[in-house]
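These notes concern the structure reproduced below.
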Amino acid sequence: MTDQGDIELFVKAGTDGKSLGDCPFSHRIQMILYLKGLKYKLIPVNMKIKPRDFLDISPAGKVPVLTHDDGRMDDSTAIAEYLETTFPEPKLRAENPAADNAGDRLFHKFAAVLKNRDPSAEAQLKNALLAELRKLNNFLANSPGQFLDGDTLKLPDCNLLPKLYHLKVAAKHFKDFEIPEDMEVLKKYMDTSFENEVFLATKYPESEINNGWADHLGLPLKRR
């Protein structure tokens with residue numbers, strides 16, 4: 001990996017307050033940094049007891065926060081754009097602009113299912129999520145490669161895959177929801193991507209996802 005200035009990435013800490021936590025937006029940035037071959041210091045932050053030095057850097061108290069030399073930013077989309085512009089090699093921007101919007105409503109629909117406590121609304125919310133998943137499956141079926149924009153991971157994949165990871169784990173755990181078998185292209189995309197070295201090197205345990213959503217929504221964890 002190449003070292004091009006001092007880079008620090010503040011991310012959500014895990015349940016122990018020290019390890020890597022379950023933030024998909026931080027995961028997005030970690031994947032980009034890995035693909036760019038950039039060295040960086042990973043700093044997990046206990047989001048329940050936010051340290052004063054972290055709040056000095058991020059008054060809003062949110063993650064991820066990236067600092068590079070004298071600059072800092074705390075929006076994952078802005079960070080992704082900054083990294084692509086500041087460190088243009090390898091190029092991660094998609095050739096097909098439509099790839100940037102693939103699955104863009106997925107996380108919202110997934111979160112709506114997880115948050116729902118009204119049994120009468122459950123079927124409608126799950127159907128809305130299924131519709132978004134089917135759109136993504138159809139998009140991938142027309143992709144020129146195994147990922148969203150060819151045969152290499154790019155910025156849109158870094159954005160989408162951490163969210164799909166949450167969906168796969170938490171939707172099953174809390175709602176017994178799984179991606180249907182007939183969405184073969186999407187399932188293959190996920191299987192391939194989740195075994196990619198970039199994803200494996202930057203992911204957190206599945207237990208962190210379930211713990212994170214349980215804490216965020218006040219949901220009980222299921223005992224397996």
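Ligands are numbered from 1 in the order shown, chains are lettered A, B, ... in the order of the structure tokens, and residues start at 1 in each chain.
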Which residues are near segment 127-142 of chain A? Cut-off 6 Å, only C-alpha atoms, ignore same chain within fewer than 3 positions. Put them as a PDB file with all heavy atoms, in the first residue's frame.
```
ATOM      1  N   GLY A 103     -29.783   0.363  -6.619  1.00  0.00           N
ATOM      2  CA  GLY A 103     -30.065   0.033  -5.223  1.00  0.00           C
ATOM      3  C   GLY A 103     -30.100   1.230  -4.299  1.00  0.00           C
ATOM      4  O   GLY A 103     -29.980   1.075  -3.079  1.00  0.00           O
ATOM      5  N   LEU A 106     -32.692   1.011  -1.552  1.00  0.00           N
ATOM      6  CA  LEU A 106     -32.739  -0.290  -0.891  1.00  0.00           C
ATOM      7  C   LEU A 106     -32.622  -0.182   0.630  1.00  0.00           C
ATOM      8  O   LEU A 106     -33.388  -0.802   1.371  1.00  0.00           O
ATOM      9  CB  LEU A 106     -31.625  -1.173  -1.448  1.00  0.00           C
ATOM     10  CG  LEU A 106     -31.720  -2.670  -1.198  1.00  0.00           C
ATOM     11  CD1 LEU A 106     -33.011  -3.239  -1.758  1.00  0.00           C
ATOM     12  CD2 LEU A 106     -30.532  -3.371  -1.840  1.00  0.00           C
ATOM     13  N   LYS A 109     -35.796   1.109   2.259  1.00  0.00           N
ATOM     14  CA  LYS A 109     -36.871   0.110   2.291  1.00  0.00           C
ATOM     15  C   LYS A 109     -36.577  -0.985   3.317  1.00  0.00           C
ATOM     16  O   LYS A 109     -37.477  -1.467   4.010  1.00  0.00           O
ATOM     17  CB  LYS A 109     -37.048  -0.516   0.908  1.00  0.00           C
ATOM     18  CG  LYS A 109     -37.414   0.467  -0.188  1.00  0.00           C
ATOM     19  CD  LYS A 109     -38.775   1.098   0.029  1.00  0.00           C
ATOM     20  CE  LYS A 109     -39.161   2.006  -1.130  1.00  0.00           C
ATOM     21  NZ  LYS A 109     -40.464   2.687  -0.892  1.00  0.00           N
ATOM     22  N   GLN A 124     -46.947  -5.230   3.110  1.00  0.00           N
ATOM     23  CA  GLN A 124     -46.739  -4.124   2.169  1.00  0.00           C
ATOM     24  C   GLN A 124     -45.291  -3.644   2.185  1.00  0.00           C
ATOM     25  O   GLN A 124     -44.694  -3.400   1.128  1.00  0.00           O
ATOM     26  CB  GLN A 124     -47.676  -2.965   2.507  1.00  0.00           C
ATOM     27  CG  GLN A 124     -47.544  -1.782   1.560  1.00  0.00           C
ATOM     28  CD  GLN A 124     -48.504  -0.657   1.908  1.00  0.00           C
ATOM     29  OE1 GLN A 124     -49.311  -0.768   2.821  1.00  0.00           O
ATOM     30  NE2 GLN A 124     -48.417   0.444   1.165  1.00  0.00           N
ATOM     31  N   VAL A 185     -29.077 -13.625  -9.922  1.00  0.00           N
ATOM     32  CA  VAL A 185     -27.965 -12.729 -10.257  1.00  0.00           C
ATOM     33  C   VAL A 185     -27.552 -11.910  -9.032  1.00  0.00           C
ATOM     34  O   VAL A 185     -26.366 -11.747  -8.746  1.00  0.00           O
ATOM     35  CB  VAL A 185     -28.339 -11.792 -11.420  1.00  0.00           C
ATOM     36  CG1 VAL A 185     -27.141 -10.930 -11.825  1.00  0.00           C
ATOM     37  CG2 VAL A 185     -28.825 -12.593 -12.622  1.00  0.00           C
ATOM     38  N   LEU A 186     -28.519 -11.427  -8.302  1.00  0.00           N
ATOM     39  CA  LEU A 186     -28.232 -10.660  -7.087  1.00  0.00           C
ATOM     40  C   LEU A 186     -27.549 -11.528  -6.042  1.00  0.00           C
ATOM     41  O   LEU A 186     -26.563 -11.106  -5.411  1.00  0.00           O
ATOM     42  CB  LEU A 186     -29.526 -10.072  -6.520  1.00  0.00           C
ATOM     43  CG  LEU A 186     -29.415  -9.382  -5.158  1.00  0.00           C
ATOM     44  CD1 LEU A 186     -28.374  -8.273  -5.172  1.00  0.00           C
ATOM     45  CD2 LEU A 186     -30.778  -8.833  -4.738  1.00  0.00           C
TER      46      LEU A 186
END
```
(message) So that I can see what lies close to Leu153 of chain A, please list as a ChimeraX atom specification the residues with an atom at most 10 Å from it, counting only C-alpha atoms and leaving out residues fewer than 5 positions away in the same chain.
(response) /A:31-32,35,92-94,146-148,158,193,196,198-199
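One distance worth recording is that between atom CA of Asn46 of chain A and atom CA of Ser58 of chain A, which is 13.4 Å.
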(request) Rounded to one decimal place, report the atom CA of Ser76 of chain A-atom CA of Val63 of chain A distance in Å. (result)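 Taking atom CA of Ser76 of chain A as the start and atom CA of Val63 of chain A as the end point, the length is 8.3 Å.
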(request) Check the smallest atom-to-atom distance from each of A:Gln4, A:Thr85, A:Ser120, A:Gln30 to His68 of chain A using only C-alpha atoms, then report the winner. (result) A:Gln4
Report as a tab-separated table: every residue of segment 146-173 of chain A with an atom at most 12 Å from segment 204-218 of chain A, its closest pair of atoms, and their distance in Å to one decimal, counting only C-alpha atoms, with rows sorted by chain and ascending residue number.
```
residue	atom	partner	partner_atom	distance
A:Pro162	CA	A:Tyr204	CA	10.0
A:Lys163	CA	A:Ile209	CA	10.6
A:Leu164	CA	A:Ile209	CA	11.6
A:Tyr165	CA	A:Glu206	CA	8.5
A:His166	CA	A:Ile209	CA	6.4
A:Leu167	CA	A:Ile209	CA	9.4
A:Lys168	CA	A:Glu206	CA	9.5
A:Val169	CA	A:Glu206	CA	6.5
A:Ala170	CA	A:Asn210	CA	5.7
A:Ala171	CA	A:Asn210	CA	9.3
A:Lys172	CA	A:Asn210	CA	9.9
A:His173	CA	A:Asn210	CA	7.3
```
Can you write out the residues you just picked, keeping N, CA and C atoms, as a CSV table (one decimal), in the first residue's frame?
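Wrote part.csv, looks like this:
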```csv
chain,number,residue,atom,x,y,z
A,162,PRO,N,-22.0,-2.8,1.7
A,162,PRO,CA,-22.2,-2.8,3.2
A,162,PRO,C,-23.7,-2.8,3.6
A,163,LYS,N,-24.5,-2.2,2.7
A,163,LYS,CA,-25.9,-2.1,3.0
A,163,LYS,C,-26.6,-3.5,2.8
A,164,LEU,N,-26.1,-4.1,1.7
A,164,LEU,CA,-26.6,-5.5,1.4
A,164,LEU,C,-26.2,-6.5,2.5
A,165,TYR,N,-25.0,-6.2,3.1
A,165,TYR,CA,-24.5,-7.1,4.2
A,165,TYR,C,-25.5,-6.9,5.4
A,166,HIS,N,-25.9,-5.7,5.7
A,166,HIS,CA,-26.8,-5.4,6.8
A,166,HIS,C,-28.2,-6.1,6.5
A,167,LEU,N,-28.6,-5.9,5.3
A,167,LEU,CA,-29.9,-6.5,4.9
A,167,LEU,C,-29.9,-8.1,5.0
A,168,LYS,N,-28.8,-8.7,4.5
A,168,LYS,CA,-28.7,-10.1,4.6
A,168,LYS,C,-28.8,-10.6,6.0
A,169,VAL,N,-28.1,-10.0,6.9
A,169,VAL,CA,-27.9,-10.4,8.3
A,169,VAL,C,-29.1,-10.0,9.2
A,170,ALA,N,-29.5,-8.7,9.2
A,170,ALA,CA,-30.5,-8.3,10.1
A,170,ALA,C,-31.9,-8.6,9.7
A,171,ALA,N,-32.2,-8.6,8.4
A,171,ALA,CA,-33.5,-8.9,7.9
A,171,ALA,C,-33.9,-10.4,8.3
A,172,LYS,N,-32.9,-11.2,8.1
A,172,LYS,CA,-33.1,-12.6,8.5
A,172,LYS,C,-33.3,-12.8,10.0
A,173,HIS,N,-32.4,-12.1,10.8
A,173,HIS,CA,-32.5,-12.3,12.2
A,173,HIS,C,-33.7,-11.7,12.9
```
(request) Measuring atom to atom with only C-alpha atoms, identify which of A:Ile49, A:Arg117, A:Ser19, A:Asp191 is nearest to Leu219 of chain A. (result) A:Arg117
(request) Enumerate, as a PyMOL selection string, the complete set of residues in segment 3-223 of chain A that a backbone-based DSSP assignment places in strand (DSSP E). (result) chain A and resi 7-12+41-45+65-68+71-73
(request) May I ask which of the residues A:Glu122, A:Asp22, A:Glu95, A:Glu181 is the closest one to Thr152 of chain A, counting only C-alpha atoms? (result) A:Glu95
(message) I'd like the neighbourhood of Asp70 of chain A as a VMD selection string, where a residue qualifies if any of its atoms comes within 12 Å (using only C-alpha atoms), though same-chain residues fewer than 4 positions away should be ignored.
(response) chain A and resid 5 to 8 57 66
